[in-house]
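File shown: model34.txt. Contents: compact mmCIF, C-alpha atoms and all ligand atoms.
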```txt
# COMPACT_ATOMS: atom_id res chain seq x y z
CA MET A 1 -131.20 -79.61 -111.95
CA SER A 2 -128.86 -78.33 -114.66
CA ASP A 3 -125.11 -78.02 -114.19
CA PRO A 4 -123.76 -74.64 -113.12
CA ILE A 5 -121.71 -72.56 -115.55
CA ILE A 6 -118.03 -72.66 -114.51
CA LEU A 7 -116.13 -69.41 -115.12
CA ARG A 8 -112.49 -68.69 -114.38
CA THR A 9 -111.77 -65.19 -115.69
CA GLN A 10 -112.97 -61.82 -114.52
CA LYS A 11 -113.97 -60.94 -118.11
CA ASP A 12 -116.25 -63.99 -118.44
CA LEU A 13 -117.68 -63.42 -114.96
CA ARG A 14 -118.48 -59.78 -115.73
CA GLY A 15 -120.07 -60.73 -119.08
CA GLN A 16 -122.37 -63.28 -117.42
CA ILE A 17 -123.31 -60.93 -114.57
CA TRP A 18 -124.16 -58.16 -117.07
CA GLU A 19 -126.25 -60.56 -119.10
CA TRP A 20 -128.21 -61.60 -116.02
CA ARG A 21 -128.61 -58.00 -114.89
CA GLY A 22 -129.92 -57.14 -118.37
CA GLN A 23 -132.54 -59.86 -117.92
CA GLY A 24 -133.61 -58.42 -114.58
CA GLU A 25 -132.15 -61.26 -112.50
CA THR A 26 -131.11 -60.77 -108.88
CA ILE A 27 -127.88 -62.31 -107.63
CA ALA A 28 -126.91 -63.97 -104.37
CA PHE A 29 -123.29 -64.89 -103.76
CA VAL A 30 -121.68 -67.55 -101.55
CA PRO A 31 -117.88 -67.25 -101.31
CA THR A 32 -116.11 -70.49 -100.35
CA MET A 33 -112.69 -72.06 -100.30
CA GLY A 34 -114.08 -75.30 -101.74
CA ALA A 35 -113.94 -78.72 -100.01
CA LEU A 36 -117.68 -78.28 -99.83
CA HIS A 37 -119.88 -80.02 -97.30
CA GLU A 38 -123.50 -79.87 -96.23
CA GLY A 39 -122.83 -76.59 -94.39
CA HIS A 40 -121.88 -74.85 -97.63
CA LEU A 41 -124.87 -76.39 -99.40
CA SER A 42 -127.16 -74.95 -96.72
CA LEU A 43 -125.72 -71.50 -97.55
CA VAL A 44 -126.51 -72.07 -101.23
CA ARG A 45 -130.08 -73.14 -100.40
CA LEU A 46 -130.52 -69.95 -98.37
CA ALA A 47 -129.02 -67.90 -101.22
CA LYS A 48 -131.53 -69.45 -103.65
CA LYS A 49 -134.40 -68.25 -101.49
CA LYS A 50 -133.07 -64.70 -101.74
CA ALA A 51 -132.24 -64.25 -105.42
CA SER A 52 -132.99 -65.65 -108.85
CA LYS A 53 -129.34 -66.52 -109.58
CA VAL A 54 -126.76 -67.98 -107.20
CA VAL A 55 -123.02 -67.61 -107.73
CA VAL A 56 -120.54 -69.64 -105.63
CA SER A 57 -116.83 -68.87 -105.71
CA ILE A 58 -114.14 -71.43 -104.96
CA PHE A 59 -110.80 -69.90 -104.06
CA VAL A 60 -108.34 -71.07 -101.42
CA ASN A 61 -107.23 -67.61 -100.39
CA PRO A 62 -103.51 -67.51 -99.58
CA THR A 63 -103.66 -64.15 -97.77
CA GLN A 64 -105.76 -65.52 -94.91
CA PHE A 65 -103.32 -68.31 -94.09
CA ALA A 66 -100.33 -67.51 -91.89
CA PRO A 67 -96.98 -69.18 -92.52
CA GLY A 68 -97.12 -72.68 -91.03
CA GLU A 69 -100.90 -73.00 -91.45
CA ASP A 70 -102.46 -75.51 -93.83
CA PHE A 71 -102.61 -73.50 -97.08
CA GLU A 72 -100.80 -76.17 -99.13
CA ALA A 73 -102.63 -79.07 -97.44
CA TYR A 74 -106.09 -77.46 -97.65
CA PRO A 75 -108.29 -79.91 -99.58
CA ARG A 76 -108.87 -78.98 -103.22
CA THR A 77 -111.78 -80.98 -104.61
CA GLU A 78 -113.17 -78.91 -107.47
CA GLU A 79 -114.85 -81.70 -109.42
CA ALA A 80 -116.74 -83.05 -106.40
CA ASP A 81 -117.57 -79.48 -105.33
CA VAL A 82 -119.16 -78.67 -108.68
CA GLU A 83 -121.25 -81.86 -108.53
CA LYS A 84 -122.52 -80.92 -105.08
CA LEU A 85 -123.31 -77.40 -106.25
CA ALA A 86 -125.24 -78.78 -109.22
CA SER A 87 -127.39 -80.81 -106.80
CA VAL A 88 -128.57 -77.66 -105.00
CA GLY A 89 -129.20 -75.55 -108.10
CA CYS A 90 -126.19 -73.23 -108.07
CA ASP A 91 -126.17 -71.24 -111.32
CA MET A 92 -122.51 -70.30 -111.60
CA VAL A 93 -119.25 -71.43 -110.03
CA TYR A 94 -116.51 -68.82 -110.19
CA VAL A 95 -113.02 -70.26 -109.80
CA PRO A 96 -110.54 -67.39 -110.11
CA ARG A 97 -106.87 -68.13 -110.68
CA LYS A 98 -104.49 -67.13 -107.89
CA ASP A 99 -102.49 -64.74 -110.09
CA SER A 100 -105.68 -63.00 -111.21
CA MET A 101 -106.65 -62.31 -107.59
CA TYR A 102 -103.21 -61.14 -106.49
CA ASN A 103 -100.90 -59.82 -109.19
CA ALA A 104 -97.19 -59.44 -108.52
CA HIS A 105 -97.60 -55.70 -107.72
CA HIS A 106 -100.52 -56.04 -105.31
CA ALA A 107 -100.07 -53.46 -102.54
CA THR A 108 -103.50 -52.77 -101.03
CA HIS A 109 -104.51 -54.04 -97.59
CA ILE A 110 -107.73 -53.72 -95.61
CA LYS A 111 -107.72 -53.73 -91.84
CA VAL A 112 -111.05 -53.82 -90.04
CA GLY A 113 -110.99 -52.68 -86.40
CA GLY A 114 -113.59 -53.16 -83.64
CA VAL A 115 -115.30 -56.50 -84.17
CA ALA A 116 -112.21 -57.89 -85.94
CA GLU A 117 -110.04 -57.36 -82.86
CA ASN A 118 -109.44 -59.94 -80.06
CA LEU A 119 -110.70 -63.56 -80.22
CA GLU A 120 -109.41 -64.98 -83.55
CA THR A 121 -107.06 -62.04 -84.09
CA ASP A 122 -105.24 -62.78 -80.83
CA HIS A 123 -104.29 -66.16 -82.32
CA ARG A 124 -104.31 -65.49 -86.09
CA PRO A 125 -103.22 -61.84 -86.30
CA THR A 126 -103.41 -61.49 -90.09
CA PHE A 127 -106.47 -63.68 -90.73
CA PHE A 128 -109.14 -60.98 -91.00
CA GLU A 129 -106.93 -58.77 -93.18
CA GLY A 130 -106.74 -61.66 -95.63
CA VAL A 131 -110.47 -62.32 -95.42
CA ALA A 132 -111.40 -58.63 -95.76
CA LEU A 133 -109.21 -58.28 -98.83
CA VAL A 134 -110.47 -61.33 -100.68
CA VAL A 135 -114.11 -60.74 -99.78
CA THR A 136 -113.87 -57.12 -100.96
CA LYS A 137 -112.35 -58.22 -104.25
CA LEU A 138 -114.91 -60.98 -104.75
CA LEU A 139 -117.84 -58.67 -103.90
CA ASN A 140 -116.48 -56.06 -106.34
CA ARG A 141 -116.21 -58.68 -109.06
CA VAL A 142 -119.53 -60.45 -108.56
CA ALA A 143 -121.47 -57.32 -107.50
CA PRO A 144 -124.26 -59.37 -105.89
CA ASP A 145 -127.42 -58.13 -104.20
CA TYR A 146 -126.86 -60.56 -101.32
CA ALA A 147 -123.87 -62.44 -99.93
CA VAL A 148 -124.29 -65.35 -97.53
CA PHE A 149 -121.79 -66.30 -94.80
CA GLY A 150 -122.08 -68.98 -92.13
CA GLU A 151 -122.46 -68.11 -88.45
CA LYS A 152 -119.87 -70.77 -87.63
CA ASP A 153 -117.24 -68.12 -88.38
CA TYR A 154 -119.16 -65.67 -86.24
CA GLN A 155 -116.39 -63.08 -85.94
CA GLN A 156 -115.77 -63.30 -89.69
CA LEU A 157 -119.47 -62.62 -90.31
CA ALA A 158 -119.37 -59.60 -87.96
CA THR A 159 -116.20 -58.36 -89.66
CA ILE A 160 -117.75 -58.58 -93.11
CA ARG A 161 -120.90 -56.80 -91.94
CA ARG A 162 -118.68 -53.97 -90.62
CA LEU A 163 -116.57 -53.93 -93.80
CA VAL A 164 -119.48 -53.52 -96.22
CA VAL A 165 -121.08 -50.76 -94.14
CA ASP A 166 -117.81 -48.87 -93.69
CA LEU A 167 -116.85 -49.12 -97.37
CA ASP A 168 -120.39 -48.36 -98.68
CA MET A 169 -120.62 -51.65 -100.52
CA PRO A 170 -124.13 -52.09 -101.94
CA VAL A 171 -124.74 -55.65 -100.79
CA GLU A 172 -126.88 -57.19 -98.07
CA ILE A 173 -124.95 -59.63 -95.87
CA ILE A 174 -126.94 -62.64 -94.71
CA GLY A 175 -125.85 -64.84 -91.82
CA ALA A 176 -126.75 -68.53 -92.04
CA PRO A 177 -127.23 -70.86 -89.04
CA ILE A 178 -124.44 -73.33 -88.22
CA ALA A 179 -124.87 -76.74 -89.85
CA ARG A 180 -123.97 -79.62 -87.49
CA ASP A 181 -123.51 -83.36 -87.88
CA ASP A 182 -125.71 -85.87 -86.01
CA HIS A 183 -123.48 -85.44 -82.95
CA GLY A 184 -123.64 -81.66 -83.00
CA LEU A 185 -120.15 -81.11 -84.40
CA ALA A 186 -120.15 -77.93 -86.49
CA LEU A 187 -119.44 -78.89 -90.11
CA SER A 188 -116.07 -77.72 -91.38
CA SER A 189 -113.85 -78.60 -94.33
CA ARG A 190 -111.10 -79.28 -91.80
CA ASN A 191 -113.14 -82.05 -90.07
CA GLN A 192 -111.85 -84.38 -92.77
CA TYR A 193 -108.39 -84.13 -91.17
CA PHE A 194 -109.69 -86.22 -88.20
CA LYS A 195 -109.19 -89.95 -87.75
CA PRO A 196 -112.32 -91.69 -86.26
CA ASP A 197 -111.16 -91.44 -82.62
CA GLY A 198 -110.22 -87.78 -83.17
CA LEU A 199 -113.71 -87.17 -84.48
CA ASP A 200 -115.19 -88.62 -81.26
CA LYS A 201 -113.11 -86.17 -79.27
CA ALA A 202 -113.96 -83.27 -81.59
CA ARG A 203 -117.64 -83.93 -80.96
CA LYS A 204 -117.19 -83.17 -77.25
CA LEU A 205 -116.68 -79.50 -78.04
CA ASN A 206 -120.29 -78.69 -78.85
CA THR A 207 -121.59 -80.59 -75.80
CA ILE A 208 -119.26 -78.66 -73.52
CA MET A 209 -120.14 -75.39 -75.25
CA PHE A 210 -123.92 -75.89 -74.97
CA ASP A 211 -123.58 -76.97 -71.30
CA CYS A 212 -121.59 -73.80 -70.62
CA ALA A 213 -124.20 -71.69 -72.44
CA LYS A 214 -126.96 -73.28 -70.33
CA ASP A 215 -125.05 -72.48 -67.13
CA LEU A 216 -124.59 -68.89 -68.27
CA GLN A 217 -128.26 -68.61 -69.12
CA ASN A 218 -129.08 -69.90 -65.63
CA GLY A 219 -127.07 -67.05 -64.13
CA ALA A 220 -123.59 -68.56 -63.70
CA ASP A 221 -120.65 -66.18 -63.38
CA ILE A 222 -118.90 -65.83 -66.76
CA ALA A 223 -115.36 -66.37 -65.44
CA THR A 224 -116.41 -69.47 -63.48
CA ALA A 225 -118.44 -71.03 -66.30
CA THR A 226 -115.80 -70.44 -69.01
CA GLN A 227 -113.03 -71.75 -66.72
CA ALA A 228 -115.09 -74.91 -66.10
CA ALA A 229 -115.58 -75.32 -69.88
CA THR A 230 -111.84 -74.90 -70.47
CA GLU A 231 -111.09 -77.61 -67.91
CA ALA A 232 -113.75 -79.87 -69.43
CA LEU A 233 -112.16 -79.52 -72.88
CA LEU A 234 -108.66 -80.25 -71.58
CA GLY A 235 -110.10 -83.19 -69.63
CA ALA A 236 -111.71 -84.47 -72.84
CA GLY A 237 -108.29 -84.66 -74.47
CA TYR A 238 -108.03 -81.28 -76.18
CA SER A 239 -104.38 -80.20 -76.29
CA SER A 240 -105.06 -76.48 -75.79
CA VAL A 241 -107.82 -73.90 -75.74
CA ASP A 242 -107.21 -70.60 -77.55
CA TYR A 243 -110.25 -68.95 -76.02
CA ILE A 244 -113.65 -69.55 -74.51
CA SER A 245 -115.17 -66.09 -74.38
CA VAL A 246 -118.48 -64.41 -73.91
CA ALA A 247 -118.99 -61.35 -76.10
CA CYS A 248 -121.80 -58.95 -76.98
CA ALA A 249 -123.61 -60.52 -79.96
CA ASP A 250 -123.29 -57.33 -82.05
CA SER A 251 -120.15 -55.46 -80.99
CA LEU A 252 -118.21 -58.59 -79.94
CA GLU A 253 -117.03 -56.66 -76.92
CA ILE A 254 -115.82 -59.32 -74.50
CA LYS A 255 -117.33 -59.60 -71.04
CA GLU A 256 -115.00 -61.46 -68.65
CA ILE A 257 -116.80 -61.30 -65.34
CA GLY A 258 -120.36 -60.96 -64.04
CA LYS A 259 -123.45 -62.42 -65.64
CA VAL A 260 -124.95 -62.46 -69.09
CA ASP A 261 -127.37 -59.53 -69.12
CA LYS A 262 -128.13 -59.00 -72.83
CA PRO A 263 -127.91 -61.02 -76.09
CA MET A 264 -124.39 -62.42 -76.08
CA ARG A 265 -122.38 -65.06 -77.88
CA LEU A 266 -120.24 -67.79 -76.42
CA LEU A 267 -117.26 -68.31 -78.74
CA ILE A 268 -114.69 -71.10 -78.59
CA ALA A 269 -111.46 -72.02 -80.37
CA ALA A 270 -109.55 -75.11 -79.28
CA HIS A 271 -107.08 -77.63 -80.62
CA CYS A 272 -107.95 -81.31 -80.93
CA GLU A 273 -105.63 -83.91 -82.49
CA GLY A 274 -103.74 -81.21 -84.39
CA VAL A 275 -106.90 -79.60 -85.78
CA ARG A 276 -108.07 -76.16 -84.67
CA LEU A 277 -111.83 -76.13 -84.11
CA ILE A 278 -114.04 -73.11 -83.67
CA ASP A 279 -117.67 -72.98 -82.62
CA ASN A 280 -120.13 -70.56 -81.05
CA CYS A 281 -123.70 -70.26 -79.84
CA ALA A 282 -126.13 -67.65 -78.63
CA VAL A 283 -126.45 -67.02 -74.89
O1 LIG B 1 -115.22 -68.69 -94.70
C1 LIG B 1 -114.51 -68.96 -95.67
O2 LIG B 1 -114.59 -70.04 -96.26
C2 LIG B 1 -113.48 -67.94 -96.15
O3 LIG B 1 -112.94 -67.24 -95.08
C3 LIG B 1 -114.04 -67.00 -97.22
C4 LIG B 1 -115.15 -66.13 -96.68
C5 LIG B 1 -114.53 -67.78 -98.41
C6 LIG B 1 -112.92 -66.05 -97.70
O4 LIG B 1 -111.87 -66.75 -98.27
```
Show me this structure written as structure tokens.
Ligand code: PAF
Amino acid sequence: MSDPIILRTQKDLRGQIWEWRGQGETIAFVPTMGALHEGHLSLVRLAKKKASKVVVSIFVNPTQFAPGEDFEAYPRTEEADVEKLASVGCDMVYVPRKDSMYNAHHATHIKVGGVAENLETDHRPTFFEGVALVVTKLLNRVAPDYAVFGEKDYQQLATIRRLVVDLDMPVEIIGAPIARDDHGLALSSRNQYFKPDGLDKARKLNTIMFDCAKDLQNGADIATATQAATEALLGAGYSSVDYISVACADSLEIKEIGKVDKPMRLLIAAHCEGVRLIDNCAV
């Protein structure tokens, strides 16, 4: 497969998009923060099935990191990323510069309510504002027909679906299944922070989550099953659990007691060896 075009300015991006549009091409977009792994490549493969051209952005977005989070340490591996993207037939890699995304006078913020409340927001209060802002800017710049996001960040996916409907953005959002390693650990750029024994511990999360989901499916009480899963994680060496919650699959309204009685999602965030892991599955 041929190498993707690499563009860094909005002017070049716009020129290329117009050229493709003039040729009748359709465009699917996969926004990323780089440090690409098989999970990202699965998003690109899905994007390729949807449109004739695939654009991937690489931008470590400062506005979605809170002070004290790993913005500076976040892995930046552009060369390796581009090689991986070439192997799956990505047509263009857009790598905007930080000052072109956020100029010194930037003063616009986007706050999504509803699905963006609770869960992650209880622990990372400004995260979805940062995501909504950068995704809006990237969608405005790339103007794709489709944009693909992983279900691993389930609440992020729901937030972006809400955002594009509420702001009349002419793009179809596509959710892609979670890619997992051979032990079921959801792939994440942050997994590379683990030492080998940390990785063994990290891999307990999905087992505990799927066991909990099975119990819920078999009629277990939500409070009892999620409490048991919390204890199992702490017993497996996790230092803390931010949440293990059951929420309506669409509205993300949390159900704390009773049984699962409609399509719901089990969502987890927990800390293991200094790394914050998130995962989720259908119930
Ligand atoms: O999921 C991510 O990698 C990021 O939150 C995204 C959507 C690329 C926005 O920076």
Worksheet item: What is the distance between atom CA of A:Ser251 and atom CA of A:Ala158, in Å to one decimal?
Response: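 Calculated distance between atom CA of A:Ser251 and atom CA of A:Ala158 is 8.1 Å.
Proximity of A:Asp145, A:Asp166, A:Arg276, A:Glu151 to A:Lys111, computed with all atoms listed in the file, is greatest for A:Asp166.
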Fill in: Residues within 6 Å of stretch 112-127 of chain A, all atoms listed in the file, excluding chain neighbours under 5 positions, as a count of residues only
4
Report as JSON lines the residues of chain A within 8 Å of ligand LIG 1 (chain B), each with its shortest atom pair and distance in Å (one decimal), using all atoms listed in the file, ordered by chain and increasing residue number.
```
{"residue": "A:Val30", "atom": "CA", "partner": "B:LIG1", "partner_atom": "C5", "distance": 7.8}
{"residue": "A:Pro31", "atom": "CA", "partner": "B:LIG1", "partner_atom": "C5", "distance": 4.5}
{"residue": "A:Thr32", "atom": "CA", "partner": "B:LIG1", "partner_atom": "C5", "distance": 3.7}
{"residue": "A:Met33", "atom": "CA", "partner": "B:LIG1", "partner_atom": "O2", "distance": 4.9}
{"residue": "A:Gly34", "atom": "CA", "partner": "B:LIG1", "partner_atom": "O2", "distance": 7.6}
{"residue": "A:Ser57", "atom": "CA", "partner": "B:LIG1", "partner_atom": "C5", "distance": 7.7}
{"residue": "A:Ile58", "atom": "CA", "partner": "B:LIG1", "partner_atom": "C5", "distance": 7.5}
{"residue": "A:Phe59", "atom": "CA", "partner": "B:LIG1", "partner_atom": "O4", "distance": 6.7}
{"residue": "A:Val60", "atom": "CA", "partner": "B:LIG1", "partner_atom": "O4", "distance": 6.4}
{"residue": "A:Asn61", "atom": "CA", "partner": "B:LIG1", "partner_atom": "O4", "distance": 5.2}
{"residue": "A:Gln64", "atom": "CA", "partner": "B:LIG1", "partner_atom": "O4", "distance": 7.1}
{"residue": "A:Gly130", "atom": "CA", "partner": "B:LIG1", "partner_atom": "O4", "distance": 7.7}
{"residue": "A:Val131", "atom": "CA", "partner": "B:LIG1", "partner_atom": "C6", "distance": 5.0}
{"residue": "A:Ala132", "atom": "CA", "partner": "B:LIG1", "partner_atom": "C6", "distance": 7.8}
{"residue": "A:Val134", "atom": "CA", "partner": "B:LIG1", "partner_atom": "O4", "distance": 6.1}
{"residue": "A:Val135", "atom": "CA", "partner": "B:LIG1", "partner_atom": "C6", "distance": 5.8}
{"residue": "A:Phe149", "atom": "CA", "partner": "B:LIG1", "partner_atom": "C4", "distance": 6.9}
{"residue": "A:Gly150", "atom": "CA", "partner": "B:LIG1", "partner_atom": "O1", "distance": 7.3}
{"residue": "A:Asp153", "atom": "CA", "partner": "B:LIG1", "partner_atom": "O1", "distance": 6.7}
{"residue": "A:Gln156", "atom": "CA", "partner": "B:LIG1", "partner_atom": "O3", "distance": 7.3}
```
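Here atom CA of A:Tyr146 stands at a distance of 5.4 Å from atom CA of A:Val171.
The residue that comes closest to A:Asp211, out of A:Val142, A:Cys281, A:Ala249, A:Ala47 and on the basis of only C-alpha atoms, is A:Cys281.
Distance-wise, atom CA of A:Ala28 and atom CA of A:Cys248 end up 28.3 Å apart.
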Fill in: Protein, DNA and RNA residues within 10 Å of (-119.3, -82.6, -86.0), only C-alpha atoms, as a list in words
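Here the neighbourhood of the point contains Ala179, Arg180, Asp181, Asp182, His183, Gly184, Leu185, Ala186, Leu187, Ser188, Asn191, Leu199, Asp200, Lys201, Ala202, Arg203, Lys204, Leu205 and Asn206 of chain A.
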Those residues with C-alpha atoms, as an mmCIF file, keeping the file's coordinate frame please?
```cif
data_model
loop_
_atom_site.group_PDB
_atom_site.id
_atom_site.type_symbol
_atom_site.label_atom_id
_atom_site.label_comp_id
_atom_site.auth_asym_id
_atom_site.auth_seq_id
_atom_site.Cartn_x
_atom_site.Cartn_y
_atom_site.Cartn_z
ATOM 1 C CA ALA A 179 -124.870 -76.740 -89.850
ATOM 2 C CA ARG A 180 -123.970 -79.620 -87.490
ATOM 3 C CA ASP A 181 -123.510 -83.360 -87.880
ATOM 4 C CA ASP A 182 -125.710 -85.870 -86.010
ATOM 5 C CA HIS A 183 -123.480 -85.440 -82.950
ATOM 6 C CA GLY A 184 -123.640 -81.660 -83.000
ATOM 7 C CA LEU A 185 -120.150 -81.110 -84.400
ATOM 8 C CA ALA A 186 -120.150 -77.930 -86.490
ATOM 9 C CA LEU A 187 -119.440 -78.890 -90.110
ATOM 10 C CA SER A 188 -116.070 -77.720 -91.380
ATOM 11 C CA ASN A 191 -113.140 -82.050 -90.070
ATOM 12 C CA LEU A 199 -113.710 -87.170 -84.480
ATOM 13 C CA ASP A 200 -115.190 -88.620 -81.260
ATOM 14 C CA LYS A 201 -113.110 -86.170 -79.270
ATOM 15 C CA ALA A 202 -113.960 -83.270 -81.590
ATOM 16 C CA ARG A 203 -117.640 -83.930 -80.960
ATOM 17 C CA LYS A 204 -117.190 -83.170 -77.250
ATOM 18 C CA LEU A 205 -116.680 -79.500 -78.040
ATOM 19 C CA ASN A 206 -120.290 -78.690 -78.850
#
```
Practice prompt. For each of A:Ile278, A:Ala229, A:Ile173, A:Leu133, take the minimum atom-to-atom distance to A:Met101, counting all atoms listed in the file, then give the residue where this is smallest.
Written response: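 Going through A:Ile278, A:Ala229, A:Ile173, A:Leu133 one by one, the smallest distance to A:Met101 is for A:Leu133.
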Worksheet item: Restricting the calculation to all atoms listed in the file, which member of A:Gly235, A:Pro144, A:Pro196, A:Gly68 is positioned closest to A:Arg14?
Response: A:Pro144
Worksheet item: Using only C-alpha atoms, which residues sit within 12 Å of A:Thr224 once same-chain residues fewer than 3 positions away are excluded, as number ranges by chain?
Response: A: 212, 215-216, 219-221, 227-231, 244-246, 256-259
Worksheet, complete the sentence: A:Trp18 proximity check over A:His40, A:Arg141, A:Ala147, A:Ala270, using all atoms listed in the file: winner is A:Arg141
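Here the question is which of A:Val164, A:Val148, A:Val95, A:Leu277 gets nearest to A:Lys48 using all atoms listed in the file, and that residue is A:Val148.
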Worksheet item: Any idea what's packed within 9 Å of A:Ala247, counting all atoms listed in the file, ignoring anything in its chain fewer than 4 positions away? Could you give it as a PyMOL selection string?
Response: chain A and resi 251-256+263-267
Give me the residues within 7 Å of stretch 3-7 of chain A as an mmCIF file with C-alpha atoms, in the frame of the given file, counting all atoms listed in the file and dropping any in the same chain fewer than 4 places off.
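Writing the result to around-v4.cif gives the following:
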```cif
data_model
loop_
_atom_site.group_PDB
_atom_site.id
_atom_site.type_symbol
_atom_site.label_atom_id
_atom_site.label_comp_id
_atom_site.auth_asym_id
_atom_site.auth_seq_id
_atom_site.Cartn_x
_atom_site.Cartn_y
_atom_site.Cartn_z
ATOM 1 C CA ASP A 12 -116.250 -63.990 -118.440
ATOM 2 C CA LEU A 13 -117.680 -63.420 -114.960
ATOM 3 C CA ALA A 86 -125.240 -78.780 -109.220
ATOM 4 C CA CYS A 90 -126.190 -73.230 -108.070
ATOM 5 C CA ASP A 91 -126.170 -71.240 -111.320
ATOM 6 C CA MET A 92 -122.510 -70.300 -111.600
ATOM 7 C CA VAL A 93 -119.250 -71.430 -110.030
ATOM 8 C CA TYR A 94 -116.510 -68.820 -110.190
ATOM 9 C CA VAL A 95 -113.020 -70.260 -109.800
#
```
